[in-house]
Amino acid sequence: MELGTFVILVVVLMCLSAFFSASETAMIASSKPKLHALEIVGNTRAKRIINVGRHPETLISTILLGNNFLNTAMSAIVTSLLLTLFGDAGILYATVIVTFLILILCEVLPKTIAARQPEKVGLRLIYLLEVVIKLLHPLTRVVKWTSSLFLRLLGHKATDLDPNFGEEDIKGALGLGLEHGVLEDHEHRMLDSILELDRLTVEDVMVHRSNMRTLNVKTPLDEIYRELSVSTFSRIPVLECQEDNIIGI
């Protein structure tokens, strides 16, 4: 193999490997709420990412299959060339060079870029990723079948992974919003309390009768004005004689 052809082939393999690495991080790290918001306004790419994310086992199998195949092929090609050029010492050279190429250029760099802007990267790569998923579907089915077989042998139920998004995710997002200054303390308390509404009872929010602020129906009007001017309540029950006889507000 000519040196120029060798370099071009290695570069192509590196780019494809970097694509798989970036896709993996972008798909996993993308914010579900952000993608959902984009889907609502008609972003078809966001909708495609959400659809792909509904089958995480297929996604992961495709990415790992492609990535490992490309990295193995790159290792074989580089090792073959360096063995021809340097003999047995070429194995050591190939190990060092391939480790650097794969670790830095094919793994760390693309994953770091994708981790910084996962939604942006995911939106750019989703069309190509969908094509790759369809092309590798027959092979990924074999991979999934094999992994399911081993799962059954280990006593686990072999089902497709279920991407979950629940109340704890929302609470975590609110906590991060408070920590990073996106939410004020009172905003965080208000939003967090909304999530507790389905578990609240009347007893949790009621004011006991002994602590109620009330007015007697015979209270002079000027005293009522003074009371309302300093009161923190928007409404005050009005009693007639007996303590339990509330006749209005």
# chains A, B, ... in the order shown; residues from 1 in each chain; ligands from 1

$ residues_around --residues "Glu107 (chain A)" --least-positions-apart "4" --cutoff "8 Å" --atoms "only C-alpha atoms" --output "NGL selection string"
:A and (17-18 or 21-22 or 102-103 or 111)

$ residues_around --residues "Lys218 (chain A)" --least-positions-apart "3" --cutoff "9 Å" --atoms "only C-alpha atoms" --output "list in words"
Leu215, Leu221, Leu239, Glu240 and Cys241 of chain A

$ write_last_selection --atoms "C-alpha atoms" --output "mmCIF file, in the first residue's frame"
data_model
loop_
_atom_site.group_PDB
_atom_site.id
_atom_site.type_symbol
_atom_site.label_atom_id
_atom_site.label_comp_id
_atom_site.auth_asym_id
_atom_site.auth_seq_id
_atom_site.Cartn_x
_atom_site.Cartn_y
_atom_site.Cartn_z
ATOM 1 C CA LEU A 215 -62.927 40.368 62.789
ATOM 2 C CA LEU A 221 -65.145 50.584 60.280
ATOM 3 C CA LEU A 239 -67.630 36.471 62.889
ATOM 4 C CA GLU A 240 -71.000 37.166 64.436
ATOM 5 C CA CYS A 241 -71.009 36.721 68.212
#

$ residues_around --residues "Ile49 (chain A)" --least-positions-apart "4" --cutoff "10 Å" --atoms "only C-alpha atoms" --output "list in words"
Ala26, Met27, Ser30, Lys32, Leu35, His36, Glu39, Thr44, Arg45, Gly53, Arg54, Glu119, Gly122, Leu123, Leu125, Ile126, Tyr127, Leu129 and Glu130 of chain A

$ write_last_selection --atoms "N, CA and C atoms" --output "PDB file, in the first residue's frame"
ATOM      1  N   ALA A  26     -23.337  12.935  22.355  1.00  0.00           N
ATOM      2  CA  ALA A  26     -24.414  13.881  22.052  1.00  0.00           C
ATOM      3  C   ALA A  26     -25.783  13.275  22.336  1.00  0.00           C
ATOM      4  N   MET A  27     -25.975  12.020  21.957  1.00  0.00           N
ATOM      5  CA  MET A  27     -27.275  11.375  22.164  1.00  0.00           C
ATOM      6  C   MET A  27     -27.565  11.166  23.647  1.00  0.00           C
ATOM      7  N   SER A  30     -27.693  14.915  25.609  1.00  0.00           N
ATOM      8  CA  SER A  30     -28.675  15.916  25.192  1.00  0.00           C
ATOM      9  C   SER A  30     -29.803  16.024  26.211  1.00  0.00           C
ATOM     10  N   LYS A  32     -33.365  16.247  27.489  1.00  0.00           N
ATOM     11  CA  LYS A  32     -34.692  15.860  27.007  1.00  0.00           C
ATOM     12  C   LYS A  32     -35.656  17.044  26.986  1.00  0.00           C
ATOM     13  N   LEU A  35     -34.805  19.234  23.922  1.00  0.00           N
ATOM     14  CA  LEU A  35     -35.213  18.588  22.679  1.00  0.00           C
ATOM     15  C   LEU A  35     -36.726  18.620  22.522  1.00  0.00           C
ATOM     16  N   HIS A  36     -37.435  18.416  23.625  1.00  0.00           N
ATOM     17  CA  HIS A  36     -38.892  18.453  23.579  1.00  0.00           C
ATOM     18  C   HIS A  36     -39.379  19.841  23.205  1.00  0.00           C
ATOM     19  N   GLU A  39     -38.878  20.251  19.582  1.00  0.00           N
ATOM     20  CA  GLU A  39     -39.856  19.456  18.840  1.00  0.00           C
ATOM     21  C   GLU A  39     -41.198  20.182  18.766  1.00  0.00           C
ATOM     22  N   THR A  44     -37.594  19.250  13.176  1.00  0.00           N
ATOM     23  CA  THR A  44     -37.662  17.829  12.817  1.00  0.00           C
ATOM     24  C   THR A  44     -36.423  17.059  13.271  1.00  0.00           C
ATOM     25  N   ARG A  45     -35.282  17.728  13.339  1.00  0.00           N
ATOM     26  CA  ARG A  45     -34.065  17.052  13.794  1.00  0.00           C
ATOM     27  C   ARG A  45     -34.200  16.642  15.259  1.00  0.00           C
ATOM     28  N   GLY A  53     -33.634   8.038  20.511  1.00  0.00           N
ATOM     29  CA  GLY A  53     -33.411   7.822  21.932  1.00  0.00           C
ATOM     30  C   GLY A  53     -34.404   6.884  22.571  1.00  0.00           C
ATOM     31  N   ARG A  54     -35.527   6.620  21.911  1.00  0.00           N
ATOM     32  CA  ARG A  54     -36.520   5.689  22.465  1.00  0.00           C
ATOM     33  C   ARG A  54     -36.050   4.245  22.390  1.00  0.00           C
ATOM     34  N   GLU A 119     -26.796  19.137  22.355  1.00  0.00           N
ATOM     35  CA  GLU A 119     -27.949  19.313  21.468  1.00  0.00           C
ATOM     36  C   GLU A 119     -27.517  19.808  20.090  1.00  0.00           C
ATOM     37  N   GLY A 122     -25.759  16.951  18.333  1.00  0.00           N
ATOM     38  CA  GLY A 122     -26.737  15.924  17.996  1.00  0.00           C
ATOM     39  C   GLY A 122     -27.604  16.315  16.808  1.00  0.00           C
ATOM     40  N   LEU A 123     -28.028  17.575  16.750  1.00  0.00           N
ATOM     41  CA  LEU A 123     -28.854  18.038  15.636  1.00  0.00           C
ATOM     42  C   LEU A 123     -28.095  17.973  14.315  1.00  0.00           C
ATOM     43  N   LEU A 125     -25.628  15.773  13.601  1.00  0.00           N
ATOM     44  CA  LEU A 125     -25.220  14.409  13.253  1.00  0.00           C
ATOM     45  C   LEU A 125     -26.379  13.437  13.086  1.00  0.00           C
ATOM     46  N   ILE A 126     -27.605  13.846  13.456  1.00  0.00           N
ATOM     47  CA  ILE A 126     -28.699  12.882  13.546  1.00  0.00           C
ATOM     48  C   ILE A 126     -29.034  12.231  12.208  1.00  0.00           C
ATOM     49  N   TYR A 127     -29.005  12.994  11.100  1.00  0.00           N
ATOM     50  CA  TYR A 127     -29.355  12.405   9.805  1.00  0.00           C
ATOM     51  C   TYR A 127     -28.379  11.299   9.420  1.00  0.00           C
ATOM     52  N   LEU A 129     -26.443   9.667  11.442  1.00  0.00           N
ATOM     53  CA  LEU A 129     -26.557   8.575  12.414  1.00  0.00           C
ATOM     54  C   LEU A 129     -27.726   7.668  12.071  1.00  0.00           C
ATOM     55  N   GLU A 130     -28.843   8.245  11.633  1.00  0.00           N
ATOM     56  CA  GLU A 130     -29.995   7.428  11.247  1.00  0.00           C
ATOM     57  C   GLU A 130     -29.651   6.515  10.066  1.00  0.00           C
TER      58      GLU A 130
END
